[in-house]
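*Asks:* Structure: protein_5.txt, compact mmCIF, C-alpha atoms.
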# COMPACT_ATOMS: atom_id res chain seq x y z
CA MET C 1 139.51 -11.30 71.93
CA SER C 2 142.64 -10.50 69.93
CA THR C 3 143.21 -8.85 66.58
CA VAL C 4 143.33 -12.33 65.04
CA GLN C 5 139.63 -12.55 65.63
CA ILE C 6 138.83 -9.18 64.08
CA ASP C 7 140.73 -10.39 61.01
CA ARG C 8 138.67 -13.56 60.94
CA LEU C 9 135.45 -11.55 61.25
CA LEU C 10 136.47 -9.19 58.43
CA ASP C 11 137.49 -12.14 56.24
CA THR C 12 134.03 -13.62 56.79
CA VAL C 13 132.36 -10.34 55.78
CA ILE C 14 134.39 -10.28 52.53
CA ARG C 15 133.97 -14.00 51.81
CA GLN C 16 130.20 -13.92 52.30
CA ASN C 17 129.91 -10.52 50.61
CA ALA C 18 127.92 -9.11 53.53
CA SER C 19 127.19 -5.37 53.45
CA ASP C 20 127.73 -4.78 57.20
CA LEU C 21 129.10 -6.30 60.39
CA HIS C 22 127.58 -5.40 63.78
CA LEU C 23 129.41 -5.95 67.07
CA THR C 24 127.57 -5.28 70.32
CA VAL C 25 127.53 -6.64 73.87
CA GLY C 26 125.20 -9.56 74.55
CA ARG C 27 124.98 -10.81 70.98
CA LYS C 28 127.12 -12.84 68.60
CA PRO C 29 128.85 -10.87 65.80
CA THR C 30 126.08 -10.21 63.27
CA LEU C 31 126.29 -9.83 59.48
CA ARG C 32 123.84 -8.01 57.23
CA LEU C 33 123.43 -10.26 54.20
CA ASP C 34 121.13 -9.20 51.36
CA GLY C 35 119.36 -6.88 53.77
CA SER C 36 118.78 -9.47 56.55
CA LEU C 37 120.68 -9.90 59.84
CA ARG C 38 122.51 -13.22 60.44
CA ASN C 39 124.39 -14.21 63.58
CA LEU C 40 127.85 -15.72 63.12
CA ASP C 41 128.57 -18.99 64.88
CA THR C 42 130.96 -17.63 67.53
CA LYS C 43 130.72 -16.68 71.19
CA VAL C 44 128.35 -14.00 72.46
CA LEU C 45 130.37 -10.79 72.83
CA ASP C 46 130.98 -9.33 76.27
CA SER C 47 132.13 -5.86 77.26
CA ASP C 48 135.85 -6.67 77.09
CA ASP C 49 135.48 -8.28 73.65
CA CYS C 50 133.90 -5.14 72.21
CA VAL C 51 136.58 -2.87 73.68
CA ALA C 52 139.38 -5.12 72.35
CA LEU C 53 137.78 -5.29 68.88
CA MET C 54 137.31 -1.52 68.87
CA LYS C 55 140.96 -0.91 69.84
CA ALA C 56 142.19 -3.32 67.17
CA ILE C 57 140.81 -1.16 64.34
CA THR C 58 140.18 2.36 65.71
CA PRO C 59 142.85 5.02 65.14
CA GLU C 60 143.99 7.10 68.14
CA ARG C 61 142.14 10.20 66.90
CA ALA C 62 138.82 8.33 66.71
CA GLN C 63 139.35 6.66 70.12
CA GLN C 64 139.80 10.16 71.57
CA GLU C 65 136.58 11.30 69.86
CA LEU C 66 134.73 8.24 71.20
CA GLN C 67 135.87 9.20 74.73
CA GLU C 68 134.78 12.82 74.37
CA GLU C 69 131.72 12.65 72.11
CA GLY C 70 130.44 9.11 72.65
CA SER C 71 130.85 8.16 68.99
CA ALA C 72 133.27 8.38 66.07
CA ASP C 73 133.37 7.52 62.34
CA PHE C 74 136.40 6.53 60.30
CA GLY C 75 137.45 4.40 57.35
CA PHE C 76 140.31 1.94 57.03
CA ALA C 77 141.82 -0.28 54.35
CA TYR C 78 141.83 -4.00 55.04
CA GLY C 79 144.83 -5.25 53.09
CA THR C 80 144.19 -5.08 49.36
CA GLU C 81 140.85 -6.82 49.83
CA ALA C 82 138.52 -3.99 50.77
CA ARG C 83 137.92 -0.88 52.83
CA PHE C 84 135.54 -0.54 55.75
CA ARG C 85 133.59 2.48 56.92
CA VAL C 86 133.20 2.23 60.68
CA ALA C 87 130.92 3.81 63.27
CA VAL C 88 131.98 3.18 66.89
CA PHE C 89 129.63 4.40 69.60
CA ARG C 90 128.71 3.95 73.24
CA GLN C 91 125.42 2.33 74.23
CA ARG C 92 124.40 1.55 77.82
CA GLY C 93 127.97 2.39 78.81
CA ASP C 94 129.49 -0.23 76.48
CA VAL C 95 131.13 0.05 73.07
CA ALA C 96 129.27 -1.00 69.91
CA ILE C 97 130.69 -1.10 66.38
CA ALA C 98 129.05 -1.05 62.94
CA LEU C 99 131.30 -1.74 59.95
CA ARG C 100 130.20 -1.20 56.34
CA LEU C 101 132.08 -3.09 53.62
CA ILE C 102 133.30 -0.93 50.75
CA PRO C 103 134.55 -3.24 47.99
CA ASN C 104 137.77 -2.18 46.27
CA LYS C 105 136.36 -2.97 42.85
CA LEU C 106 134.48 -0.05 41.33
CA LEU C 107 131.35 -1.10 39.45
CA THR C 108 130.30 -0.04 35.95
CA PHE C 109 127.07 1.72 34.92
CA GLU C 110 125.80 -1.57 33.50
CA GLU C 111 126.57 -3.53 36.69
CA ILE C 112 124.58 -1.18 38.94
CA GLY C 113 121.85 -0.59 36.35
CA LEU C 114 122.23 3.20 36.13
CA PRO C 115 120.19 4.91 33.42
CA MET C 116 122.51 5.32 30.39
CA ILE C 117 121.59 8.99 29.97
CA THR C 118 123.65 9.56 33.13
CA LYS C 119 126.82 9.20 31.05
CA GLU C 120 125.78 12.15 28.88
CA ILE C 121 124.78 14.29 31.85
CA ILE C 122 128.08 13.87 33.69
CA ARG C 123 130.02 15.08 30.65
CA ARG C 124 128.52 18.51 31.24
CA PRO C 125 130.92 21.21 32.39
CA ARG C 126 128.76 22.58 35.20
CA GLY C 127 125.70 22.01 37.36
CA LEU C 128 124.48 20.24 40.50
CA PHE C 129 123.84 16.49 40.26
CA MET C 130 122.10 15.19 43.39
CA VAL C 131 122.06 11.51 44.39
CA THR C 132 119.52 10.84 47.12
CA GLY C 133 117.99 7.98 49.04
CA PRO C 134 117.74 6.56 52.56
CA THR C 135 120.82 5.34 54.47
CA GLY C 136 122.21 2.14 52.96
CA SER C 137 120.61 2.65 49.55
CA GLY C 138 123.89 2.51 47.64
CA LYS C 139 124.41 6.25 47.07
CA THR C 140 128.16 5.96 47.76
CA THR C 141 128.56 3.19 45.18
CA THR C 142 126.59 5.13 42.55
CA LEU C 143 128.71 8.25 43.11
CA ALA C 144 131.94 6.22 43.01
CA THR C 145 130.86 4.72 39.66
CA MET C 146 130.17 8.19 38.21
CA ILE C 147 133.43 9.67 39.53
CA ASP C 148 135.31 6.68 38.09
CA PHE C 149 133.64 7.22 34.70
CA VAL C 150 134.78 10.87 34.67
CA ASN C 151 138.24 9.83 35.89
CA THR C 152 138.60 7.20 33.15
CA ASN C 153 137.17 9.13 30.20
CA LEU C 154 137.68 12.86 30.74
CA ASP C 155 140.61 15.04 31.75
CA ARG C 156 139.30 16.84 34.80
CA HIS C 157 140.57 17.91 38.22
CA ILE C 158 138.27 16.09 40.67
CA ILE C 159 138.11 17.04 44.36
CA THR C 160 136.07 14.83 46.68
CA ILE C 161 135.06 15.87 50.21
CA GLU C 162 134.02 12.87 52.28
CA ASP C 163 133.41 11.83 55.88
CA PRO C 164 135.12 9.36 55.87
CA ILE C 165 136.72 8.61 52.48
CA GLU C 166 135.07 5.44 51.22
CA TYR C 167 136.18 4.37 47.74
CA TYR C 168 139.77 5.27 46.86
CA HIS C 169 140.19 6.79 43.37
CA TYR C 170 143.58 6.74 41.68
CA HIS C 171 144.66 9.22 38.98
CA LYS C 172 143.65 7.99 35.53
CA LYS C 173 142.84 10.45 32.75
CA SER C 174 141.73 12.88 35.46
CA LEU C 175 143.57 14.12 38.53
CA VAL C 176 141.82 13.15 41.79
CA ASN C 177 142.30 14.71 45.23
CA GLN C 178 140.26 13.27 48.11
CA ARG C 179 139.83 15.26 51.34
CA GLU C 180 138.54 13.66 54.52
CA VAL C 181 136.50 15.80 56.91
CA GLY C 182 138.11 15.73 60.35
CA VAL C 183 141.49 14.68 58.95
CA ASP C 184 142.30 16.96 56.00
CA VAL C 185 139.74 19.69 56.60
CA PRO C 186 137.43 20.63 59.54
CA SER C 187 134.04 20.68 57.74
CA PHE C 188 132.23 20.17 54.43
CA ALA C 189 131.44 23.90 54.10
CA GLU C 190 135.06 24.91 54.74
CA ALA C 191 136.34 22.28 52.27
CA LEU C 192 133.97 23.57 49.57
CA ARG C 193 135.04 27.15 50.15
CA ARG C 194 138.71 26.19 49.88
CA ALA C 195 138.16 23.87 46.91
CA LEU C 196 137.13 26.74 44.65
CA ARG C 197 140.69 28.09 44.89
CA ALA C 198 142.22 24.77 43.85
CA ASP C 199 141.09 24.97 40.20
CA PRO C 200 138.64 22.01 40.29
CA ASP C 201 136.40 20.92 37.40
CA VAL C 202 134.39 18.33 39.34
CA MET C 203 133.56 18.24 43.06
CA LEU C 204 131.94 15.55 45.13
CA VAL C 205 130.28 16.60 48.40
CA GLY C 206 129.79 13.47 50.52
CA GLU C 207 126.82 14.94 52.35
CA MET C 208 124.86 18.20 52.27
CA ARG C 209 124.24 18.11 56.00
CA ASP C 210 123.72 21.80 56.83
CA LEU C 211 122.60 25.07 55.30
CA GLU C 212 126.14 26.34 54.84
CA THR C 213 127.16 23.23 52.84
CA ILE C 214 124.00 23.33 50.68
CA GLU C 215 124.66 27.01 49.90
CA ALA C 216 128.30 26.36 49.05
CA ALA C 217 127.38 23.41 46.78
CA ILE C 218 124.81 25.48 44.85
CA ARG C 219 127.25 28.37 44.54
CA SER C 220 129.98 26.05 43.24
CA ALA C 221 127.58 24.63 40.61
CA GLU C 222 126.62 28.15 39.54
CA THR C 223 130.23 29.25 39.12
CA GLY C 224 131.05 26.67 36.48
CA HIS C 225 131.79 23.41 38.28
CA LEU C 226 130.14 20.01 38.08
CA VAL C 227 129.09 19.21 41.67
CA PHE C 228 127.90 15.80 42.86
CA ALA C 229 126.13 15.85 46.24
CA THR C 230 124.03 13.51 48.38
CA LEU C 231 120.97 13.99 50.58
CA HIS C 232 118.98 11.51 52.68
CA THR C 233 115.69 12.09 50.91
CA THR C 234 113.42 9.85 48.85
CA GLY C 235 112.10 10.97 45.49
CA ALA C 236 113.15 13.79 43.20
CA ALA C 237 110.40 16.30 44.02
CA GLY C 238 110.91 15.70 47.76
CA THR C 239 114.63 16.38 47.38
CA ILE C 240 114.06 19.77 45.76
CA THR C 241 111.52 20.73 48.43
CA ARG C 242 113.92 19.64 51.16
CA VAL C 243 116.76 21.78 49.77
CA ILE C 244 114.52 24.86 49.52
CA ASP C 245 113.02 24.30 52.98
CA ALA C 246 116.51 24.25 54.51
CA PHE C 247 116.69 28.01 53.88
CA PRO C 248 114.99 30.79 55.88
CA VAL C 249 111.66 31.82 54.34
CA ASN C 250 112.98 35.19 53.14
CA GLN C 251 115.68 33.44 51.05
CA GLN C 252 113.54 30.71 49.52
CA ALA C 253 112.46 32.60 46.40
CA GLN C 254 116.08 33.38 45.57
CA ILE C 255 117.18 29.76 46.17
CA ARG C 256 114.40 28.51 43.87
CA VAL C 257 115.81 30.71 41.10
CA GLN C 258 119.38 29.53 41.81
CA LEU C 259 118.33 25.87 41.87
CA SER C 260 116.30 26.20 38.68
CA VAL C 261 119.49 27.37 36.94
CA SER C 262 122.14 25.19 38.60
CA LEU C 263 120.39 21.81 39.17
CA ILE C 264 120.86 19.39 36.26
CA CYS C 265 119.59 16.12 37.63
CA VAL C 266 118.24 14.26 40.69
CA LEU C 267 118.79 10.52 40.96
CA SER C 268 116.88 8.97 43.87
CA GLN C 269 117.46 5.32 44.70
CA VAL C 270 116.50 2.46 47.00
CA LEU C 271 118.06 -1.00 47.39
CA LEU C 272 116.00 -4.19 47.45
CA SER C 273 116.76 -7.88 47.96
CA ARG C 274 116.47 -10.04 44.87
CA ILE C 275 113.88 -12.81 45.07
CA ASP C 276 116.45 -15.48 44.20
CA ARG C 277 118.67 -14.32 47.11
CA SER C 278 121.54 -13.57 44.71
CA GLY C 279 122.22 -10.13 46.19
CA ARG C 280 120.51 -6.79 45.88
CA VAL C 281 119.22 -4.58 43.11
CA ALA C 282 118.74 -0.80 42.97
CA ALA C 283 115.55 0.93 41.84
CA TYR C 284 115.89 4.50 40.59
CA GLU C 285 113.83 7.62 40.23
CA PHE C 286 115.45 9.88 37.66
CA LEU C 287 114.68 13.56 37.09
CA VAL C 288 116.45 15.50 34.36
CA ILE C 289 116.02 19.27 34.60
CA THR C 290 114.40 20.50 31.39
CA PRO C 291 113.31 24.14 30.80
CA ALA C 292 109.75 23.11 31.78
CA ILE C 293 110.93 21.59 35.09
CA SER C 294 113.15 24.62 35.69
CA ASN C 295 109.99 26.74 35.54
CA LEU C 296 108.18 24.48 38.02
CA ILE C 297 111.06 24.91 40.51
CA ARG C 298 111.18 28.68 40.01
CA GLU C 299 107.41 29.05 40.38
CA ASN C 300 107.25 26.84 43.51
CA LYS C 301 105.20 24.12 41.77
CA THR C 302 107.33 21.13 42.79
CA PHE C 303 104.10 19.15 43.42
CA ARG C 304 103.78 18.93 39.62
CA ILE C 305 107.23 17.40 39.12
CA ASP C 306 106.08 13.77 39.37
CA SER C 307 103.69 14.15 36.44
CA ALA C 308 106.43 15.99 34.52
CA ILE C 309 108.70 12.95 35.07
CA GLN C 310 106.01 10.70 33.61
CA THR C 311 105.80 12.79 30.46
CA GLY C 312 109.60 13.13 30.31
CA ARG C 313 110.38 9.52 29.38
CA LYS C 314 112.06 10.60 26.15
CA PHE C 315 114.65 12.45 28.27
CA GLY C 316 115.37 9.23 30.20
CA MET C 317 113.23 10.17 33.20
CA GLN C 318 111.40 7.61 35.33
CA LEU C 319 109.40 7.50 38.56
CA LEU C 320 110.59 5.24 41.36
CA ASP C 321 107.32 3.28 41.52
CA ASP C 322 107.44 2.64 37.75
CA HIS C 323 110.94 1.19 38.05
CA LEU C 324 109.91 -0.90 41.08
CA TRP C 325 106.92 -2.22 39.15
CA SER C 326 109.14 -3.15 36.21
CA LEU C 327 111.55 -5.03 38.54
CA TYR C 328 108.57 -6.83 40.10
CA THR C 329 106.97 -7.86 36.79
CA ARG C 330 110.36 -9.14 35.57
CA GLY C 331 110.47 -11.44 38.61
CA ILE C 332 113.52 -9.75 40.16
CA ILE C 333 111.94 -8.44 43.40
CA GLY C 334 109.02 -9.49 45.57
CA ALA C 335 105.70 -7.66 45.97
CA GLU C 336 106.14 -7.05 49.71
CA ASP C 337 109.55 -5.49 49.17
CA MET C 338 108.31 -3.35 46.28
CA ILE C 339 105.39 -2.04 48.36
CA ASP C 340 107.66 -1.34 51.37
CA LYS C 341 110.03 0.75 49.26
CA GLY C 342 107.46 2.42 46.99
CA LYS C 343 106.27 6.03 47.31
CA ASP C 344 102.60 5.10 46.87
CA PRO C 345 102.17 1.69 48.58
CA GLY C 346 98.39 1.75 48.17
CA GLU C 347 98.56 2.14 44.39
CA LEU C 348 101.26 -0.57 44.08
CA THR C 349 99.18 -3.00 46.20
CA GLU C 350 96.20 -2.33 43.91
CA LYS C 351 98.34 -3.02 40.84
CA VAL C 352 99.51 -6.35 42.28
CA HIS C 353 95.90 -7.36 42.93
CA ARG C 354 94.77 -6.22 39.48
CA ALA C 355 97.57 -8.31 37.96
CA GLY C 356 96.30 -11.34 39.87
CA GLY C 357 99.08 -11.29 42.47
CA ASN C 358 98.54 -11.77 46.16
CA VAL C 359 100.47 -9.61 48.60
CA GLY C 360 101.11 -11.61 51.74
CA ARG C 361 101.87 -15.00 50.23
CA THR C 362 105.53 -15.43 49.38
CA GLU C 363 106.50 -14.76 45.81
CA LEU C 364 107.84 -18.26 45.24
CA ASP C 365 104.54 -19.78 46.47
CA GLN C 366 102.75 -17.42 44.12
CA ARG C 367 104.89 -18.44 41.13
CA GLU C 368 104.60 -22.14 41.93
CA ALA C 369 100.82 -21.78 42.21
CA ASP C 370 100.80 -20.17 38.77
Show this structure as structure tokens.
*Replies:*
Amino acid sequence: MSTVQIDRLLDTVIRQNASDLHLTVGRKPTLRLDGSLRNLDTKVLDSDDCVALMKAITPERAQQELQEEGSADFGFAYGTEARFRVAVFRQRGDVAIALRLIPNKLLTFEEIGLPMITKEIIRRPRGLFMVTGPTGSGKTTTLATMIDFVNTNLDRHIITIEDPIEYYHYHKKSLVNQREVGVDVPSFAEALRRALRADPDVMLVGEMRDLETIEAAIRSAETGHLVFATLHTTGAAGTITRVIDAFPVNQQAQIRVQLSVSLICVLSQVLLSRIDRSGRVAAYEFLVITPAISNLIRENKTFRIDSAIQTGRKFGMQLLDDHLWSLYTRGIIGAEDMIDKGKDPGELTEKVHRAGGNVGRTELDQREAD
């Protein structure tokens, strides 16, 4: 298979607006469309095909890493159309490739349905803003939208630390420097340490993947910077617990105090398929740190955060399950999907039954029956 074919595959991803392309031995090239896998109508890939496709897009540095480590991640621009984030890895001795499409067009708050209070929060001069959710829940897109808002409206020096760089940001009202781990800097923790000397106002940490990075991010937020960071957790309370649990027991009390002062917001999200198959929609849990919630963090009462979110609606807060329920009742998502992604599936199933719905039958059947 030649590079012509990789171009044709990438064109198909862009044309069909798929989120991912999977290439592995023994299967046709496979797209992820609206959350589901679809085979493309081409030949079944063999070992040589996968190696040729890998070589067509993988830079020398990443090919070397694949040889030594068995896997590598990188990003590349595909003309002016889009960028792709790529994971190449070995499986059963062969090469497999997963490509994630990163559209060039940055979305607005309205387009991705972000709570409007977010705009006010990201005008703050300092604090830690965490965006969390499982892999593939749209965290990167949400962060890119927020960085673009700052870039367009405020004069700030923004430093992003990513692995790999996904969305490209160009200087607008702000000045933007993007550092790629493994290319521009060896690690997230090192990049954060160095960033503090570069006079930043806003920092984006692509992933808080180890204790050292979490510590550096909290310290940066405490010392007067606005820090955006991501974690693979679901739910606001769970995120806070996860951050604290990353530290040794003898440091946890101190971290609780630091977090209670530096954390300004946790936005937790999941992505769901729309019922009408017109793409996907995000559901959000949104926690704004008020003095009362600060106290809960400091006093190790994170189990009470969910009820504090319910009473904090006037601050723009919402629980994930409440947002899912609202998307379901507005006919945007299906019951099965809502229950799969919810934090309390039992309670959501009950609510569907109480509302006369029937989990199990397809939504369209249900609506036609009504």
*Asks:* Enumerate, in order of chain and increasing residue number, the residues of range 301-326 of chain C with an atom no farther than 6 Å from range 265-289 of chain C, each with its shortest atom pair and distance in Å to one decimal, counting all atoms listed in the file, as CSV.
*Replies:*
residue,atom,partner,partner_atom,distance
C:Met317,CA,C:Phe286,CA,5.0
C:Gln318,CA,C:Phe286,CA,5.2
C:Leu319,CA,C:Glu285,CA,4.7
C:Leu320,CA,C:Glu285,CA,4.2
C:His323,CA,C:Ala283,CA,6.0
C:Leu324,CA,C:Ala283,CA,6.0
*Asks:* Please list as a VMD selection string every residue within 7 Å of range 27-34 of chain C, counting only C-alpha atoms and excluding residues in the same chain fewer than 6 positions away.
*Replies:* chain C and resid 18 to 21 40 42 to 45 273 279 to 280
*Asks:* Would you output that residue set with C-alpha atoms, as a CSV table (one decimal), keeping the file's coordinate frame?
*Replies:*
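See again_30.csv below for the written result:
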chain,number,residue,atom,x,y,z
C,18,ALA,CA,127.9,-9.1,53.5
C,19,SER,CA,127.2,-5.4,53.4
C,20,ASP,CA,127.7,-4.8,57.2
C,21,LEU,CA,129.1,-6.3,60.4
C,40,LEU,CA,127.8,-15.7,63.1
C,42,THR,CA,131.0,-17.6,67.5
C,43,LYS,CA,130.7,-16.7,71.2
C,44,VAL,CA,128.4,-14.0,72.5
C,45,LEU,CA,130.4,-10.8,72.8
C,273,SER,CA,116.8,-7.9,48.0
C,279,GLY,CA,122.2,-10.1,46.2
C,280,ARG,CA,120.5,-6.8,45.9
*Asks:* Could you state the separation of CA of Arg90 in chain C and CA of Ser71 in chain C in Å, given to one decimal place?
*Replies:*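 Taking CA of Arg90 in chain C and CA of Ser71 in chain C, their separation equals 6.4 Å.
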*Asks:* Counting only C-alpha atoms, which residue out of C:Leu9, C:Ile165, C:Val261, C:Val25 sits closest to Val86 in chain C?
*Replies:*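 Among the listed residues, C:Ile165 lies closest to Val86 in chain C.
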*Asks:* Using only C-alpha atoms, which of the listed residues (C:Thr145, C:Thr329, C:Thr213, C:Ser262) sits closest to Ile161 in chain C?
*Replies:*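 Among the listed residues, the smallest separation from Ile161 in chain C belongs to C:Thr213.
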